[in-house]
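Q: Just so it is clear, I am handing over query34.tsv, which has TSV, C-alpha atoms and all ligand atoms.
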```tsv
chain	number	residue	atom	x	y	z
F	287	MET	CA	-29.03	0.99	8.76
F	288	PRO	CA	-25.57	0.56	7.22
F	289	MET	CA	-22.74	2.56	8.74
F	290	THR	CA	-21.96	5.44	6.38
F	291	ILE	CA	-18.83	7.52	6.14
F	292	LEU	CA	-20.55	10.44	7.82
F	293	ASN	CA	-21.84	8.27	10.67
F	294	ALA	CA	-18.42	6.71	11.17
F	295	LEU	CA	-16.90	10.19	11.51
F	296	ARG	CA	-19.65	11.18	13.97
F	297	ALA	CA	-18.97	8.03	15.99
F	298	ALA	CA	-15.27	8.95	16.11
F	299	ALA	CA	-16.16	12.38	17.52
F	300	THR	CA	-18.20	10.79	20.30
F	301	LEU	CA	-15.15	8.63	21.11
F	302	GLY	CA	-13.21	11.87	21.56
F	303	VAL	CA	-11.15	11.78	18.35
F	304	ASP	CA	-10.70	15.17	16.72
F	305	ARG	CA	-12.04	15.74	13.21
F	306	LEU	CA	-8.79	15.78	11.28
F	307	ASP	CA	-7.41	12.67	12.99
F	308	ALA	CA	-10.74	10.88	12.42
F	309	GLN	CA	-10.64	11.71	8.72
F	310	LEU	CA	-7.04	10.51	8.37
F	311	LEU	CA	-7.72	7.31	10.31
F	312	LEU	CA	-10.83	6.57	8.26
F	313	LEU	CA	-8.92	7.00	5.00
F	314	HIS	CA	-6.29	4.65	6.42
F	315	ALA	CA	-8.94	2.07	7.40
F	316	LEU	CA	-10.36	2.34	3.86
F	317	GLY	CA	-6.92	1.82	2.33
F	318	ARG	CA	-7.00	5.28	0.71
F	319	PRO	CA	-4.18	7.87	0.74
F	320	VAL	CA	-4.39	10.39	3.60
F	321	HIS	CA	-4.49	13.35	1.20
F	322	GLU	CA	-7.95	12.28	0.00
F	323	ARG	CA	-9.99	14.07	2.68
F	324	ALA	CA	-12.07	15.69	-0.07
F	325	TRP	CA	-13.08	12.20	-1.19
F	326	LEU	CA	-14.58	11.55	2.25
F	327	LEU	CA	-16.67	14.71	2.06
F	328	SER	CA	-18.03	13.89	-1.37
F	329	HIS	CA	-18.86	10.29	-0.33
F	330	ASP	CA	-20.38	10.93	3.07
F	331	THR	CA	-23.52	8.86	2.40
F	332	ASP	CA	-21.57	5.84	1.07
F	333	PRO	CA	-21.86	2.74	3.26
F	334	LEU	CA	-18.56	1.62	4.79
F	335	PRO	CA	-17.24	-1.71	3.51
F	336	PRO	CA	-17.99	-4.21	6.33
F	337	ALA	CA	-14.34	-4.73	7.36
F	338	ALA	CA	-13.59	-0.99	7.55
F	339	TRP	CA	-15.80	-0.21	10.55
F	340	PRO	CA	-14.13	-2.55	13.09
F	341	SER	CA	-10.67	-1.49	12.02
F	342	PHE	CA	-11.64	2.22	12.12
F	343	GLU	CA	-13.27	1.80	15.53
F	344	ALA	CA	-10.12	0.10	16.89
F	345	LEU	CA	-7.91	2.90	15.51
F	346	CYS	CA	-10.20	5.51	17.10
F	347	ALA	CA	-10.05	3.76	20.48
F	348	ARG	CA	-6.24	3.77	20.34
F	349	ARG	CA	-6.16	7.43	19.30
F	350	ALA	CA	-8.58	8.34	22.10
F	351	ALA	CA	-6.23	6.56	24.55
F	352	GLY	CA	-3.42	8.88	23.48
F	353	GLU	CA	-1.48	7.02	20.78
F	354	PRO	CA	-0.19	9.57	18.27
F	355	ALA	CA	-2.09	9.51	14.97
F	356	ALA	CA	1.29	9.31	13.21
F	357	TYR	CA	1.97	5.90	14.79
F	358	LEU	CA	-1.48	4.61	13.84
F	359	LEU	CA	-1.02	5.83	10.27
F	360	GLY	CA	2.64	4.77	10.20
F	361	ALA	CA	3.50	8.05	8.56
F	362	LYS	CA	4.12	11.73	9.21
F	363	GLU	CA	4.86	14.57	6.84
F	364	PHE	CA	7.82	16.73	7.81
F	365	HIS	CA	9.17	19.66	5.78
F	366	GLY	CA	7.48	18.26	2.67
F	367	LEU	CA	8.86	14.73	3.11
F	368	ALA	CA	6.65	11.70	3.75
F	369	LEU	CA	8.39	9.88	6.62
F	370	GLN	CA	7.51	6.47	8.01
F	371	VAL	CA	7.35	6.50	11.80
F	372	ASP	CA	6.45	4.13	14.60
F	373	ALA	CA	6.85	3.90	18.36
F	374	ARG	CA	10.65	3.49	18.04
F	375	VAL	CA	11.00	7.22	17.26
F	376	LEU	CA	9.66	10.60	18.38
F	377	VAL	CA	6.95	11.88	16.04
F	378	PRO	CA	8.46	14.75	14.00
F	379	ARG	CA	6.80	18.06	15.01
F	380	PRO	CA	6.10	21.09	12.81
F	381	ASP	CA	7.99	23.16	15.46
F	382	THR	CA	11.19	21.47	14.32
F	383	GLU	CA	10.78	22.88	10.81
F	384	THR	CA	12.02	26.15	12.37
F	385	LEU	CA	15.36	24.44	13.04
F	386	VAL	CA	15.48	23.05	9.49
F	387	ASP	CA	14.75	26.43	7.88
F	388	TRP	CA	17.37	28.16	10.03
F	389	ALA	CA	19.93	25.45	9.18
F	390	LEU	CA	19.18	25.74	5.46
F	391	SER	CA	19.77	29.50	5.59
F	392	LEU	CA	23.30	28.67	6.85
F	393	MET	CA	23.97	26.05	4.14
F	394	PRO	CA	24.96	27.67	0.84
F	395	ALA	CA	24.76	24.78	-1.67
F	396	ALA	CA	27.87	25.92	-3.55
F	397	THR	CA	30.02	25.23	-0.52
F	398	ALA	CA	28.90	21.57	-0.16
F	399	PRO	CA	28.41	22.10	3.59
F	400	ARG	CA	29.24	19.33	6.05
F	401	VAL	CA	26.37	18.85	8.45
F	402	LEU	CA	25.78	16.60	11.47
F	403	ASP	CA	22.36	15.86	13.05
F	404	LEU	CA	22.53	14.57	16.63
F	405	GLY	CA	19.75	12.29	17.92
F	406	THR	CA	18.20	11.97	14.49
F	407	GLY	CA	15.28	9.70	15.48
F	408	SER	CA	13.22	9.11	12.33
F	409	GLY	CA	15.91	11.00	10.38
F	410	ALA	CA	13.53	13.95	9.95
F	411	ILE	CA	16.03	16.82	10.24
F	412	ALA	CA	18.91	15.16	8.40
F	413	LEU	CA	16.69	13.98	5.55
F	414	ALA	CA	14.97	17.37	5.19
F	415	LEU	CA	18.38	19.10	5.00
F	416	GLN	CA	19.76	16.59	2.50
F	417	HIS	CA	16.60	16.84	0.38
F	418	ALA	CA	16.67	20.64	0.27
F	419	CYS	CA	20.44	20.83	-0.20
F	420	PRO	CA	21.56	17.87	-2.34
F	421	ASP	CA	25.18	19.11	-2.40
F	422	ALA	CA	25.48	18.94	1.39
F	423	LYS	CA	27.26	16.06	3.04
F	424	VAL	CA	24.88	15.13	5.84
F	425	ASP	CA	25.76	12.75	8.68
F	426	ALA	CA	23.38	11.76	11.46
F	427	VAL	CA	23.73	9.85	14.71
F	428	ASP	CA	21.42	8.34	17.27
F	429	ALA	CA	22.12	6.29	20.39
F	430	SER	CA	19.15	4.04	19.62
F	431	ALA	CA	19.67	1.17	17.16
F	432	ASP	CA	15.88	0.99	16.82
F	433	ALA	CA	15.65	4.63	15.78
F	434	LEU	CA	18.47	4.18	13.26
F	435	GLU	CA	16.54	1.36	11.58
F	436	VAL	CA	13.62	3.73	11.08
F	437	ALA	CA	15.90	6.53	9.86
F	438	ARG	CA	17.81	4.31	7.42
F	439	ALA	CA	14.57	2.92	6.00
F	440	ASN	CA	13.32	6.48	5.44
F	441	ALA	CA	16.59	7.45	3.72
F	442	THR	CA	16.45	4.42	1.45
F	443	ARG	CA	12.82	4.99	0.51
F	444	LEU	CA	13.47	8.67	-0.21
F	445	GLY	CA	16.75	7.99	-2.01
F	446	LEU	CA	18.71	10.40	0.18
F	447	PRO	CA	22.42	9.68	0.85
F	448	VAL	CA	22.58	10.62	4.56
F	449	ARG	CA	25.21	8.61	6.47
F	450	PHE	CA	23.80	7.22	9.73
F	451	THR	CA	25.94	6.03	12.66
F	452	GLN	CA	25.09	4.75	16.13
F	453	ALA	CA	26.67	7.04	18.73
F	454	ASP	CA	26.08	8.82	22.00
F	455	TRP	CA	25.97	12.50	20.97
F	456	LEU	CA	29.41	13.47	19.64
F	457	ALA	CA	31.38	10.45	20.87
F	458	GLY	CA	33.55	9.31	17.95
F	459	ALA	CA	32.17	11.96	15.57
F	460	ASP	CA	34.19	13.52	12.73
F	461	THR	CA	35.62	17.02	13.02
F	462	ASN	CA	35.29	20.15	10.90
F	463	TYR	CA	31.52	20.27	10.51
F	464	ASP	CA	30.13	23.52	9.12
F	465	LEU	CA	26.91	22.93	11.02
F	466	ILE	CA	25.76	20.73	13.89
F	467	VAL	CA	22.00	20.55	14.54
F	468	SER	CA	19.96	18.72	17.12
F	469	ASN	CA	16.48	18.30	18.49
F	470	PRO	CA	17.60	16.57	21.69
F	471	PRO	CA	15.42	15.53	24.63
F	472	TYR	CA	14.73	18.67	26.65
F	473	ILE	CA	11.77	18.08	28.97
F	474	ALA	CA	12.41	18.11	32.74
F	475	ALA	CA	12.22	14.56	34.13
F	476	ASP	CA	9.37	15.48	36.52
F	477	ASP	CA	7.38	17.58	34.00
F	478	ALA	CA	3.67	16.67	34.16
F	479	HIS	CA	3.50	17.15	30.36
F	480	LEU	CA	5.44	13.87	29.88
F	481	ALA	CA	2.31	11.90	30.82
F	482	ALA	CA	0.64	13.09	27.61
F	483	LEU	CA	3.66	11.82	25.63
F	484	LYS	CA	3.75	8.35	27.17
F	485	HIS	CA	3.57	6.53	23.84
F	486	GLU	CA	6.80	8.12	22.56
F	487	PRO	CA	10.32	7.04	23.59
F	488	LEU	CA	11.18	8.66	26.94
F	489	SER	CA	14.85	8.74	25.89
F	490	ALA	CA	13.86	11.20	23.14
F	491	LEU	CA	11.94	13.46	25.53
F	492	ALA	CA	13.30	13.74	29.07
F	493	SER	CA	16.70	15.11	30.06
F	494	GLY	CA	17.46	15.44	33.76
F	495	PRO	CA	16.01	17.70	36.47
F	496	ASP	CA	15.84	20.89	34.36
F	497	GLY	CA	15.60	19.24	30.92
F	498	LEU	CA	19.01	20.62	29.93
F	499	ASP	CA	21.36	17.69	30.66
F	500	ASP	CA	21.74	16.64	27.02
F	501	ILE	CA	21.92	20.21	25.71
F	502	ARG	CA	24.75	20.91	28.22
F	503	GLN	CA	26.63	17.88	26.96
F	504	ILE	CA	26.19	18.81	23.30
F	505	VAL	CA	27.27	22.42	23.92
F	506	ARG	CA	30.34	21.16	25.77
F	507	GLN	CA	31.33	18.64	23.08
F	508	ALA	CA	30.43	20.50	19.86
F	509	PRO	CA	33.39	22.92	19.52
F	510	ALA	CA	35.86	20.06	18.98
F	511	HIS	CA	33.79	18.96	15.98
F	512	LEU	CA	33.07	22.33	14.34
F	513	ALA	CA	35.03	24.08	11.63
F	514	ASP	CA	36.07	27.68	12.21
F	515	GLY	CA	32.87	29.68	11.67
F	516	GLY	CA	30.66	26.61	12.08
F	517	TRP	CA	27.24	26.87	13.74
F	518	LEU	CA	25.55	24.82	16.43
F	519	LEU	CA	21.72	25.00	16.34
F	520	LEU	CA	19.56	23.41	19.05
F	521	GLU	CA	15.84	22.98	19.52
F	522	HIS	CA	14.71	23.40	23.15
F	523	GLY	CA	11.70	23.91	25.38
F	524	PHE	CA	9.40	26.95	25.30
F	525	ASP	CA	11.12	28.62	28.27
F	526	GLN	CA	14.73	27.49	27.75
F	527	ALA	CA	16.01	30.02	25.16
F	528	PRO	CA	17.80	32.32	27.65
F	529	ALA	CA	19.41	29.35	29.43
F	530	VAL	CA	20.59	27.78	26.16
F	531	ARG	CA	22.01	31.08	24.85
F	532	ALA	CA	23.84	31.48	28.17
F	533	LEU	CA	25.30	27.96	27.91
F	534	LEU	CA	26.52	28.71	24.37
F	535	THR	CA	28.09	32.02	25.37
F	536	GLU	CA	29.75	30.55	28.48
F	537	ARG	CA	31.28	27.79	26.33
F	538	GLY	CA	32.87	30.47	24.10
F	539	PHE	CA	30.43	30.54	21.19
F	540	ALA	CA	29.71	33.93	19.56
F	541	ASN	CA	26.48	35.51	18.29
F	542	ALA	CA	24.10	33.40	20.41
F	543	GLN	CA	20.57	33.97	19.11
F	544	SER	CA	17.15	32.32	18.94
F	545	ARG	CA	14.40	31.67	16.41
F	546	ASP	CA	10.63	31.40	16.96
F	547	ASP	CA	8.46	28.44	16.02
F	548	LEU	CA	5.09	28.75	14.24
F	549	ALA	CA	3.42	29.58	17.56
F	550	GLY	CA	5.81	32.51	18.11
F	551	ILE	CA	7.75	30.70	20.85
F	552	ALA	CA	11.56	30.98	20.91
F	553	ARG	CA	12.09	27.31	20.07
F	554	CYS	CA	15.69	27.11	18.78
F	555	SER	CA	18.93	28.73	19.80
F	556	GLY	CA	22.29	28.67	18.13
F	557	ALA	CA	25.65	30.32	17.90
F	558	ILE	CA	28.85	30.37	15.86
F	559	TRP	CA	32.19	28.82	16.80
F	560	ARG	CA	35.33	30.79	15.99
F	561	THR	CA	38.64	28.99	16.38
F	562	VAL	CA	40.57	32.21	15.89
F	563	LYS	CA	39.13	34.76	18.31
F	601	LIG	N1	8.53	19.22	21.33
F	601	LIG	C1	8.24	18.01	22.02
F	601	LIG	C2	7.11	18.25	23.00
F	601	LIG	O1	7.23	19.06	23.89
F	601	LIG	C3	9.46	17.48	22.73
F	601	LIG	C4	10.52	17.10	21.79
F	601	LIG	C5	11.84	16.94	22.45
F	601	LIG	O2	11.98	16.73	23.65
F	601	LIG	N2	12.85	17.07	21.67
F	601	LIG	O3	6.07	17.68	22.84
```
Write the structure described by the file as structure tokens, please.
A:
Amino acid sequence: MPMTILNALRAAATLGVDRLDAQLLLLHALGRPVHERAWLLSHDTDPLPPAAWPSFEALCARRAAGEPAAYLLGAKEFHGLALQVDARVLVPRPDTETLVDWALSLMPAATAPRVLDLGTGSGAIALALQHACPDAKVDAVDASADALEVARANATRLGLPVRFTQADWLAGADTNYDLIVSNPPYIAADDAHLAALKHEPLSALASGPDGLDDIRQIVRQAPAHLADGGWLLLEHGFDQAPAVRALLTERGFANAQSRDDLAGIARCSGAIWRTVK
């Protein structure tokens, strides 16, 4: 009996691949766009082309072993942008759209805001901000040359004029930014949850004994690079909002506050820098 689309999807389930990932991986193995899930449903009795089954089975085995679907597909949608991603960068998460939406609310287009994204990875945040606010002047840095290759390729493909530079957080950065944003690493180095993220770059995930080493450094450095009235917005772990607001306030920022992600978890905190107090 030839392997049909429906049977291939059933086989994926027995391998432990969830339904949505199986559908996306099967479309990928068939060379079809990932938005064509309806096509799969309406062709469920079609036999698979002979070459598609082994490649789909191999993709399912890798997914079942924990590789992110985004790496297997080579793509991830973030804030309406189709980004190319691979194991050189963290997979952009929907949680981070909270940071983007908050940043955009602080970026009136008429003022051509100057924005800096720290640890840009795939370029997700910087590119989403530039796309939604074409008048902004968006810079982005990452310490990883590999990540910057991915980010620059995304910018070129999307035609977005973000300026990317290799740097360790704010070392060598310009001054007078209206907004500095970052989704830095924030997981505690001994957190058991890191095991489930073993395919993604550890340098994008873990940050010292309490997960706050990089956030502390950014909070310390940011004021020298912010304009009067500029904002610093940071993504952080599910239980870090009070600690991050305290770090901001201790450093002399005003109005420290947090925003929830889609799951209702306080996922980002930020505050305003006033030169004249
Ligand atoms: N949100 C990611 C996770 O917990 C971590 C991302 C990060 O460290 N910036 O899976």
Q: Please identify all protein, DNA and RNA residues within 10 Å of ligand LIG 601 (chain F), counting all atoms listed in the file, and report them as an MDAnalysis selection string.
A: chainID F and resid 376:382 405 407 468:474 479:480 482:483 486:493 497 520:524 553
Q: How would the residues just picked look written out with C-alpha atoms as a tab-separated table (two decimals), in the coordinates of the input?
A:
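Result file follows (result.tsv):
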```
chain	number	residue	atom	x	y	z
F	376	LEU	CA	9.66	10.60	18.38
F	377	VAL	CA	6.95	11.88	16.04
F	378	PRO	CA	8.46	14.75	14.00
F	379	ARG	CA	6.80	18.06	15.01
F	380	PRO	CA	6.10	21.09	12.81
F	381	ASP	CA	7.99	23.16	15.46
F	382	THR	CA	11.19	21.47	14.32
F	405	GLY	CA	19.75	12.29	17.92
F	407	GLY	CA	15.28	9.70	15.48
F	468	SER	CA	19.96	18.72	17.12
F	469	ASN	CA	16.48	18.30	18.49
F	470	PRO	CA	17.60	16.57	21.69
F	471	PRO	CA	15.42	15.53	24.63
F	472	TYR	CA	14.73	18.67	26.65
F	473	ILE	CA	11.77	18.08	28.97
F	474	ALA	CA	12.41	18.11	32.74
F	479	HIS	CA	3.50	17.15	30.36
F	480	LEU	CA	5.44	13.87	29.88
F	482	ALA	CA	0.64	13.09	27.61
F	483	LEU	CA	3.66	11.82	25.63
F	486	GLU	CA	6.80	8.12	22.56
F	487	PRO	CA	10.32	7.04	23.59
F	488	LEU	CA	11.18	8.66	26.94
F	489	SER	CA	14.85	8.74	25.89
F	490	ALA	CA	13.86	11.20	23.14
F	491	LEU	CA	11.94	13.46	25.53
F	492	ALA	CA	13.30	13.74	29.07
F	493	SER	CA	16.70	15.11	30.06
F	497	GLY	CA	15.60	19.24	30.92
F	520	LEU	CA	19.56	23.41	19.05
F	521	GLU	CA	15.84	22.98	19.52
F	522	HIS	CA	14.71	23.40	23.15
F	523	GLY	CA	11.70	23.91	25.38
F	524	PHE	CA	9.40	26.95	25.30
F	553	ARG	CA	12.09	27.31	20.07
```
Q: Closest to Ala299 (chain F) among F:Asn541, F:Glu536, F:Pro354, F:Ala347, using only C-alpha atoms?
A: F:Ala347
Q: By how many Å are CA of Ala414 (chain F) and CA of Leu310 (chain F) apart?
A: 23.3 Å
Q: Between F:Gly366, F:Pro288, F:Pro509, F:Gly352, which one has atoms that come closest to Pro335 (chain F), using all atoms listed in the file?
A: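 Among the listed residues, the smallest separation from Pro335 (chain F) belongs to F:Pro288.
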Q: Determine the nearest neighbour of Thr384 (chain F) from the options F:Val467, F:Ala513, F:Cys419, F:Leu295, counting only C-alpha atoms.
A: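 Of all the options, F:Val467 lies closest to Thr384 (chain F).
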Q: Kindly give the distance, in Å, that separates CA of Phe539 (chain F) and CA of Ala475 (chain F), rounded to a single decimal.
A: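 Separating CA of Phe539 (chain F) from CA of Ala475 (chain F) is a distance of 27.5 Å.
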Q: Between F:Leu404, F:Val436, F:Val371, F:Ala540, which is the closest to Ile501 (chain F) once you count all atoms listed in the file?
A: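 Comparing F:Leu404, F:Val436, F:Val371, F:Ala540 against Ile501 (chain F), the winner is F:Leu404.
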Q: F:Ser430, F:Leu316, F:Ala557, F:Leu498: which is nearest Pro336 (chain F), counting all atoms listed in the file?
A: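 Selected residue with least distance to Pro336 (chain F): F:Leu316.
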Q: CA of Asp464 (chain F) and CA of Pro528 (chain F), how far apart in Å?
A: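 That distance, rounded to one decimal, is 23.9 Å.
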